[in-house]
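Trainee: I am sharing data.txt, which consists of compact mmCIF, C-alpha atoms and all ligand atoms:
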# COMPACT_ATOMS: atom_id res chain seq x y z
CA MET I 662 4.49 9.97 -13.73
CA LYS I 663 6.85 10.11 -10.78
CA SER I 664 7.73 7.62 -8.07
CA VAL I 665 6.68 8.03 -4.45
CA LYS I 666 6.99 5.72 -1.47
CA ILE I 667 3.96 4.47 0.40
CA THR I 668 4.12 5.61 4.05
CA LYS I 669 1.05 3.76 5.28
CA ILE I 670 -1.63 1.41 4.04
CA ILE I 671 -4.51 0.38 6.28
CA LYS I 672 -7.74 -1.56 5.84
CA VAL I 673 -10.60 0.80 6.63
CA GLY I 674 -13.72 -1.19 5.75
CA GLN I 675 -15.02 -4.21 3.96
CA ASP I 676 -12.68 -4.49 0.95
CA SER I 677 -11.42 -0.92 1.22
CA PHE I 678 -8.05 0.57 2.06
CA LEU I 679 -6.48 3.94 2.79
CA LEU I 680 -3.08 4.50 1.22
CA SER I 681 -0.82 7.42 2.21
CA PHE I 682 2.34 9.00 0.89
CA LYS I 683 4.15 12.30 1.52
CA ARG I 684 2.72 15.33 -0.28
CA ASP I 685 5.18 17.38 -2.35
CA PHE I 686 2.70 19.11 -4.68
CA GLU I 687 -0.29 21.46 -4.49
CA PHE I 688 -3.78 20.38 -5.47
CA VAL I 689 -7.36 21.59 -5.26
CA ALA I 690 -9.75 19.49 -3.18
CA GLY I 691 -11.79 17.30 -5.53
CA GLN I 692 -8.94 16.57 -7.93
CA VAL I 693 -7.68 13.12 -8.87
CA ILE I 694 -4.31 11.51 -9.56
CA GLY I 695 -3.32 8.55 -11.70
CA ILE I 696 -1.66 5.67 -9.83
CA ASN I 697 0.33 2.81 -11.30
CA ILE I 698 2.78 0.05 -10.44
CA GLY I 699 5.13 -0.50 -13.37
CA GLU I 700 3.97 0.02 -16.92
CA ALA I 701 2.13 -3.19 -17.77
CA GLN I 702 -1.24 -1.40 -17.61
CA PRO I 703 -2.43 2.21 -17.87
CA ALA I 704 -2.68 4.16 -14.61
CA ARG I 705 -5.99 4.04 -12.71
CA LEU I 706 -7.56 7.25 -11.40
CA TYR I 707 -8.21 8.05 -7.73
CA SER I 708 -9.64 11.07 -5.94
CA ILE I 709 -7.40 12.59 -3.31
CA ALA I 710 -9.15 12.09 0.05
CA SER I 711 -6.93 14.29 2.25
CA GLY I 712 -7.07 18.05 2.82
CA SER I 713 -5.08 20.36 0.56
CA SER I 714 -2.64 21.39 3.31
CA GLU I 715 -2.18 18.01 4.99
CA GLU I 716 1.35 16.62 4.96
CA GLU I 717 0.28 13.36 3.37
CA ILE I 718 -1.84 12.51 0.35
CA LYS I 719 -4.44 9.90 1.21
CA ILE I 720 -6.18 7.68 -1.30
CA LEU I 721 -9.24 5.64 -0.40
CA PHE I 722 -9.71 2.66 -2.68
CA ASN I 723 -11.95 -0.31 -3.07
CA LEU I 724 -10.41 -3.70 -3.74
CA LYS I 725 -11.59 -5.22 -7.03
CA ASP I 726 -10.66 -8.88 -6.60
CA ASP I 727 -10.39 -9.48 -10.34
CA GLY I 728 -8.85 -6.10 -11.14
CA TYR I 729 -5.24 -5.31 -12.03
CA LEU I 730 -4.06 -2.54 -9.71
CA THR I 731 -6.09 -2.71 -6.50
CA PRO I 732 -5.16 -6.33 -5.54
CA ARG I 733 -1.50 -5.27 -5.88
CA LEU I 734 -2.00 -2.05 -3.90
CA ALA I 735 -3.93 -3.87 -1.17
CA VAL I 736 -0.87 -6.00 -0.32
CA GLY I 737 1.49 -3.01 -0.51
CA LYS I 738 3.69 -2.11 2.46
CA PRO I 739 5.27 1.10 3.76
CA GLY I 740 8.40 1.76 1.69
CA ASP I 741 6.98 0.24 -1.53
CA THR I 742 7.15 2.47 -4.61
CA ILE I 743 4.18 3.50 -6.74
CA GLN I 744 3.98 5.89 -9.69
CA ILE I 745 1.67 8.88 -9.56
CA SER I 746 0.59 11.53 -12.08
CA PRO I 747 0.25 15.23 -11.28
CA PRO I 748 -3.19 16.10 -9.85
CA PHE I 749 -5.90 17.13 -12.31
CA GLY I 750 -9.66 17.36 -12.72
CA ARG I 751 -12.48 19.88 -12.48
CA PHE I 752 -14.67 18.26 -9.84
CA VAL I 753 -14.01 21.18 -7.52
CA CYS I 754 -16.36 23.23 -5.43
CA ASN I 755 -16.57 26.82 -4.18
CA GLU I 756 -17.89 28.30 -0.92
CA LYS I 757 -21.54 28.50 -2.05
CA GLU I 758 -24.36 26.33 -0.71
CA ALA I 759 -24.36 22.89 -2.28
CA TYR I 760 -25.34 19.27 -1.83
CA TRP I 761 -22.61 16.65 -1.84
CA ILE I 762 -23.87 13.18 -2.66
CA ALA I 763 -21.58 10.13 -2.52
CA SER I 764 -21.76 6.37 -2.69
CA GLY I 765 -19.02 4.14 -1.23
CA THR I 766 -15.50 5.42 -1.84
CA GLY I 767 -17.08 8.35 -3.72
CA ILE I 768 -16.88 10.13 -0.36
CA ALA I 769 -13.16 10.77 -1.09
CA PRO I 770 -13.35 14.15 -2.90
CA PHE I 771 -15.87 15.44 -0.35
CA ALA I 772 -13.63 14.30 2.52
CA SER I 773 -10.85 16.31 0.86
CA MET I 774 -13.14 19.36 0.57
CA ILE I 775 -14.21 19.03 4.22
CA PHE I 776 -10.60 18.67 5.41
CA SER I 777 -9.66 21.65 3.22
CA GLY I 778 -12.19 23.85 5.05
CA ILE I 779 -15.05 24.37 2.60
CA ALA I 780 -17.74 22.32 4.38
CA GLU I 781 -19.78 25.26 5.60
CA ARG I 782 -23.16 25.62 3.85
CA LYS I 783 -22.93 22.11 2.40
CA ILE I 784 -25.16 19.11 2.96
CA LEU I 785 -23.40 15.74 2.66
CA ILE I 786 -25.38 12.60 1.86
CA HIS I 787 -23.35 9.37 1.91
CA GLY I 788 -24.78 6.01 0.89
CA SER I 789 -23.27 2.63 1.72
CA ARG I 790 -24.40 -0.97 2.03
CA PHE I 791 -22.56 -1.49 5.32
CA LEU I 792 -22.13 0.64 8.44
CA SER I 793 -18.38 -0.04 8.40
CA ASN I 794 -18.06 1.74 5.06
CA PHE I 795 -18.90 5.25 6.26
CA TYR I 796 -15.28 6.22 5.77
CA PHE I 797 -13.94 9.17 7.80
CA GLN I 798 -17.22 9.38 9.74
CA ASN I 799 -15.44 10.09 13.04
CA GLU I 800 -13.75 13.10 11.50
CA ILE I 801 -16.68 14.22 9.33
CA ALA I 802 -19.51 14.01 11.91
CA PRO I 803 -18.24 16.74 14.28
CA ILE I 804 -17.63 19.10 11.35
CA MET I 805 -20.86 18.52 9.40
CA GLU I 806 -23.16 17.76 12.39
CA ALA I 807 -26.81 17.64 11.20
CA ARG I 808 -25.72 18.35 7.63
CA TYR I 809 -24.23 14.83 7.41
CA ILE I 810 -26.74 12.18 6.36
CA ARG I 811 -25.64 8.55 6.25
CA CYS I 812 -27.89 6.14 4.34
CA CYS I 813 -27.27 2.44 4.85
CA SER I 814 -29.08 -0.13 2.72
CA ALA I 815 -28.08 -3.47 4.33
CA GLU I 816 -27.70 -2.68 8.06
CA SER I 817 -29.31 -0.32 10.54
CA GLY I 818 -27.68 1.91 13.13
CA GLU I 819 -28.38 4.83 15.43
CA GLY I 820 -28.68 8.11 13.57
CA ILE I 821 -28.44 6.32 10.23
CA TYR I 822 -31.16 6.48 7.59
CA SER I 823 -32.24 2.92 6.69
CA GLY I 824 -32.31 2.57 2.92
CA ARG I 825 -30.48 3.73 -0.15
CA LEU I 826 -29.53 7.34 -0.61
CA THR I 827 -31.79 7.42 -3.70
CA GLN I 828 -34.76 6.49 -1.50
CA TYR I 829 -33.78 9.25 0.95
CA LEU I 830 -33.66 11.78 -1.90
CA ARG I 831 -37.02 10.66 -3.29
CA GLU I 832 -38.57 11.42 0.11
CA GLN I 833 -37.20 14.96 0.27
CA GLU I 834 -39.77 17.67 -0.45
CA ASN I 835 -37.60 20.76 -0.19
CA LEU I 836 -34.44 20.26 -2.20
CA ALA I 837 -33.09 23.71 -3.10
CA ILE I 838 -33.57 24.24 -6.84
CA ASP I 839 -30.82 26.83 -7.17
CA ASN I 840 -28.10 24.86 -5.34
CA LYS I 841 -25.42 22.87 -7.12
CA TYR I 842 -25.52 19.09 -6.61
CA TYR I 843 -22.17 17.30 -6.69
CA LEU I 844 -22.45 13.54 -7.25
CA CYS I 845 -19.58 11.08 -6.88
CA GLY I 846 -19.43 7.29 -7.00
CA SER I 847 -20.73 4.42 -9.11
CA ALA I 848 -22.34 5.02 -12.48
CA GLU I 849 -25.55 3.42 -11.20
CA MET I 850 -25.81 5.84 -8.26
CA VAL I 851 -24.98 8.87 -10.40
CA VAL I 852 -27.54 8.01 -13.10
CA ASP I 853 -30.33 7.17 -10.63
CA THR I 854 -29.63 10.26 -8.52
CA ARG I 855 -29.52 12.53 -11.54
CA ASP I 856 -32.95 11.25 -12.66
CA ILE I 857 -34.42 11.85 -9.20
CA LEU I 858 -32.99 15.37 -8.96
CA ILE I 859 -34.27 16.27 -12.42
CA SER I 860 -37.74 14.88 -11.55
CA LYS I 861 -37.70 17.23 -8.55
CA GLY I 862 -37.05 20.27 -10.70
CA ILE I 863 -33.28 20.63 -10.25
CA PRO I 864 -31.90 22.05 -13.53
CA TYR I 865 -29.55 19.69 -15.37
CA GLU I 866 -26.77 22.29 -15.34
CA ASN I 867 -26.82 22.32 -11.52
CA ILE I 868 -25.84 18.65 -11.38
CA ILE I 869 -22.11 17.95 -11.54
CA ALA I 870 -20.92 14.35 -11.52
CA GLU I 871 -17.71 12.37 -11.10
CA ILE I 872 -18.28 8.74 -12.08
CA TYR I 873 -15.95 6.02 -10.77
CA PHE I 874 -15.68 3.49 -13.58
C1 LIG I 901 -12.26 10.12 -12.10
C2 LIG I 901 -12.18 8.80 -11.35
C3 LIG I 901 -11.86 8.80 -10.01
C4 LIG I 901 -11.81 7.60 -9.30
N1 LIG I 901 -11.55 7.63 -7.96
C5 LIG I 901 -11.58 6.48 -7.25
C6 LIG I 901 -11.36 6.49 -5.82
O1 LIG I 901 -11.10 7.54 -5.18
N2 LIG I 901 -11.44 5.30 -5.15
C7 LIG I 901 -11.72 4.12 -5.81
O2 LIG I 901 -11.81 3.07 -5.14
N3 LIG I 901 -11.89 4.07 -7.15
C8 LIG I 901 -11.81 5.22 -7.87
N4 LIG I 901 -11.99 5.16 -9.24
C9 LIG I 901 -12.02 3.83 -9.90
C10 LIG I 901 -10.56 3.35 -10.14
O3 LIG I 901 -9.92 4.23 -11.08
C11 LIG I 901 -10.39 1.93 -10.73
O4 LIG I 901 -11.33 1.75 -11.74
C12 LIG I 901 -10.52 0.84 -9.74
O5 LIG I 901 -9.70 1.05 -8.60
C13 LIG I 901 -10.21 -0.54 -10.32
O6 LIG I 901 -8.82 -0.69 -10.57
P1 LIG I 901 -8.21 -2.16 -10.82
O7 LIG I 901 -7.00 -1.96 -11.66
O8 LIG I 901 -8.05 -2.91 -9.55
O9 LIG I 901 -9.32 -2.91 -11.63
P2 LIG I 901 -9.42 -3.05 -13.22
O10 LIG I 901 -8.34 -3.97 -13.72
O11 LIG I 901 -9.48 -1.70 -13.84
O12 LIG I 901 -10.83 -3.77 -13.33
C14 LIG I 901 -12.01 -3.15 -12.81
C15 LIG I 901 -13.18 -4.08 -13.04
O13 LIG I 901 -13.42 -4.20 -14.44
C16 LIG I 901 -13.32 -5.57 -14.83
N5 LIG I 901 -12.63 -5.62 -16.14
C17 LIG I 901 -11.33 -5.34 -16.38
N6 LIG I 901 -11.05 -5.47 -17.70
C18 LIG I 901 -12.21 -5.85 -18.28
C19 LIG I 901 -12.59 -6.14 -19.62
N7 LIG I 901 -11.71 -6.08 -20.62
N8 LIG I 901 -13.87 -6.46 -19.86
C20 LIG I 901 -14.79 -6.54 -18.85
N9 LIG I 901 -14.48 -6.27 -17.58
C21 LIG I 901 -13.22 -5.94 -17.29
C22 LIG I 901 -12.52 -6.26 -13.76
O14 LIG I 901 -12.88 -7.62 -13.69
C23 LIG I 901 -12.91 -5.48 -12.51
O15 LIG I 901 -14.08 -5.98 -11.90
C24 LIG I 901 -12.04 6.37 -9.96
C25 LIG I 901 -12.33 6.38 -11.32
C26 LIG I 901 -12.39 7.57 -12.02
C27 LIG I 901 -12.72 7.55 -13.48
Could you render the structure as structure tokens?

Mentor:
Amino acid sequence: MKSVKITKIIKVGQDSFLLSFKRDFEFVAGQVIGINIGEAQPARLYSIASGSSEEEIKILFNLKDDGYLTPRLAVGKPGDTIQISPPFGRFVCNEKEAYWIASGTGIAPFASMIFSGIAERKILIHGSRFLSNFYFQNEIAPIMEARYIRCCSAESGEGIYSGRLTQYLREQENLAIDNKYYLCGSAEMVVDTRDILISKGIPYENIIAEIYF
């Protein structure tokens, strides 16, 4: 682990924050880092949400009120020190056609992939309870255009599918069997989505998941 200084921390949605610090290492979009404050607890893992050549690393995190790290990070200020691990992980994607499916802050690795320039030929489906939690939508929408589907389960909005992303997927008749499906977010979303995809004939080996636990 090494120490870095927070450059920015902003609230970006209901109970969610975007933390930034200067980048001084290379990574592949989709990878994660461990973050810690002191050594009282093991590091927690976070996907990098920024592009691989951006000057800053950005981390999108959800506040767990009763958790250890996120309540401390949420009150962090520019100049505060955190410890980070080197980047690692295999949730990475190539240039081929694929579906990207995310719930909540699970959009982070796909945001990194989009900002790293591999969004072409991808379809992004993002599910959230609230409209305010479509993180990075202002940056993502002009890049992904009609290949960006937002599913909101508790509120409705223009251009937004009303309902859970699992309901949206159940309604789809023409999911490409030979595409890869990248899933990222809560265990519940990943398990339900995997079942739906398998019931629609997608081979198990074409489903790649990163579960946030
Ligand atoms: C590969 C990976 C990538 C991830 N990327 C992200 C990301 O980009 N953004 C993001 O927001 N999150 C991400 N996560 C989740 C993240 O690592 C943390 O789990 C999360 O931020 C909670 O940290 P915390 O220390 O605040 O909470 P924790 O202290 O870890 O607690 C989490 C929850 O578990 C409960 N809990 C704690 N200990 C116990 C116990 N002994 N028994 C029962 N319940 C308990 C707490 O009450 C709390 O509700 C990722 C996880 C993985 C595995």

Trainee: Sorted by chain and rising residue number, list the residues of chain I at most 9 Å from ligand LIG 901 (chain I) (counting only C-alpha atoms and all ligand atoms), each with its closest atom pair and distance in Å to one decimal, as a tab-separated table.

Mentor:
residue	atom	partner	partner_atom	distance
I:Ser677	CA	I:LIG901	O2	7.5
I:Phe678	CA	I:LIG901	O2	8.5
I:Gln692	CA	I:LIG901	C1	8.4
I:Val693	CA	I:LIG901	C3	6.1
I:Ile694	CA	I:LIG901	C3	8.0
I:Gly695	CA	I:LIG901	O3	7.9
I:Ile696	CA	I:LIG901	O3	8.5
I:Asn697	CA	I:LIG901	O7	8.8
I:Gln702	CA	I:LIG901	O7	8.3
I:Pro703	CA	I:LIG901	O7	8.8
I:Ala704	CA	I:LIG901	O7	8.1
I:Arg705	CA	I:LIG901	O3	4.3
I:Leu706	CA	I:LIG901	O3	3.8
I:Tyr707	CA	I:LIG901	N1	3.4
I:Ser708	CA	I:LIG901	O1	3.9
I:Ile709	CA	I:LIG901	O1	6.5
I:Ala710	CA	I:LIG901	O1	7.2
I:Ile720	CA	I:LIG901	O1	6.3
I:Leu721	CA	I:LIG901	N2	5.2
I:Phe722	CA	I:LIG901	O2	3.3
I:Asn723	CA	I:LIG901	O2	4.0
I:Leu724	CA	I:LIG901	O8	6.3
I:Lys725	CA	I:LIG901	O8	4.9
I:Asp726	CA	I:LIG901	O15	6.9
I:Asp727	CA	I:LIG901	O14	4.6
I:Gly728	CA	I:LIG901	O9	3.3
I:Tyr729	CA	I:LIG901	O10	3.8
I:Leu730	CA	I:LIG901	O7	3.6
I:Thr731	CA	I:LIG901	O8	3.6
I:Pro732	CA	I:LIG901	O8	6.0
I:Arg733	CA	I:LIG901	O8	7.9
I:Leu734	CA	I:LIG901	O8	8.3
I:Gly750	CA	I:LIG901	C1	7.7
I:Phe752	CA	I:LIG901	C1	8.8
I:Gly765	CA	I:LIG901	O2	8.3
I:Thr766	CA	I:LIG901	N2	5.2
I:Gly767	CA	I:LIG901	O1	6.2
I:Ile768	CA	I:LIG901	O1	8.0
I:Ala769	CA	I:LIG901	O1	5.6
I:Pro770	CA	I:LIG901	O1	7.3
I:Cys845	CA	I:LIG901	C3	8.6
I:Gly846	CA	I:LIG901	C5	7.9
I:Ser847	CA	I:LIG901	C9	8.8
I:Glu871	CA	I:LIG901	C1	6.0
I:Ile872	CA	I:LIG901	C27	5.9
I:Tyr873	CA	I:LIG901	C25	3.7
I:Phe874	CA	I:LIG901	C25	5.0

Trainee: Nearest residue to Gly699 of chain I out of I:Lys683, I:Ile671, I:Asp839, I:Thr742, using all atoms listed in the file?

Mentor: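 Nearest candidate to Gly699 of chain I out of I:Lys683, I:Ile671, I:Asp839, I:Thr742: I:Thr742.
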
Trainee: Atom CA of Ala735 of chain I and atom CA of Ala701 of chain I are how many Å apart?

Mentor: 17.7 Å

Trainee: Work out how far apart atom CA of Ser823 of chain I and atom CA of Phe771 of chain I are and give it in Å to one decimal.

Mentor: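 Taking atom CA of Ser823 of chain I and atom CA of Phe771 of chain I, their separation equals 21.8 Å.
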
Trainee: Which distance in Å separates atom CA of Ile698 of chain I and atom CA of Glu717 of chain I, to one decimal?

Mentor: 19.3 Å

Trainee: Using only C-alpha atoms, which residues sit within 10 Å of Ile869 of chain I once same-chain residues fewer than 4 positions away are excluded, as a VMD selection string?

Mentor: chain I and resid 751 to 754 761 841 to 845 851 855 865

Trainee: When you count all atoms listed in the file, which of these residues is closest to Glu866 of chain I: I:Ser764, I:Asn840, I:Ser711, I:Gln833?

Mentor: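 Once distances to Glu866 of chain I are computed over all atoms listed in the file, the minimum belongs to I:Asn840.
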
Trainee: When you count only C-alpha atoms, which of these residues is closest to Ile821 of chain I: I:Phe797, I:Phe686, I:Phe791, I:Phe776?

Mentor: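 Of I:Phe797, I:Phe686, I:Phe791, I:Phe776, the one nearest Ile821 of chain I, counting only C-alpha atoms, is I:Phe791.
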
Trainee: Compare I:Ile838, I:Ile718, I:Val852, I:Ile801 by their minimum atom-to-atom distance to Val665 of chain I, counting all atoms listed in the file, and give me the closest one.

Mentor: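 Looking at the shortest contact to Val665 of chain I, the residue is I:Ile718.
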
Trainee: Could you check the closest approach to Leu836 of chain I for each of I:Ile784, I:Ala802, I:Ala772, I:Leu792 and tell me which residue wins, using only C-alpha atoms?

Mentor: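 So, comparing all the options, the nearest one is I:Ile784.
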
Trainee: For Gly737 of chain I, which of I:Val673, I:Ile863, I:Leu679, I:Gln798 is the closest residue, counting all atoms listed in the file?

Mentor: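 Result for the nearest residue to Gly737 of chain I: I:Leu679.
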
Trainee: Any idea what's packed within 9 Å of Ile775 of chain I, counting all atoms listed in the file, ignoring anything in its chain fewer than 6 positions away? Could you give it as a list in words?

Mentor: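 In the requested format, the answer is Ala690, Ser711, Gly712, Glu781, Ile801, Ile804 and Met805 of chain I.
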
Trainee: Would you list the residues near (3.8, 19.7, -6.2) (no more than 8 Å away, in the coordinates of the file, using all atoms listed in the file) as number ranges by chain?

Mentor: I: 684-688, 747

Trainee: Using only C-alpha atoms, please write the residues we just selected to a file, as a compact mmCIF listing (two decimals), in the frame of the given file.

Mentor:
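Output contents, as saved in selection.txt:
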# COMPACT_ATOMS: atom_id res chain seq x y z
CA ARG I 684 2.72 15.33 -0.28
CA ASP I 685 5.18 17.38 -2.35
CA PHE I 686 2.70 19.11 -4.68
CA GLU I 687 -0.29 21.46 -4.49
CA PHE I 688 -3.78 20.38 -5.47
CA PRO I 747 0.25 15.23 -11.28
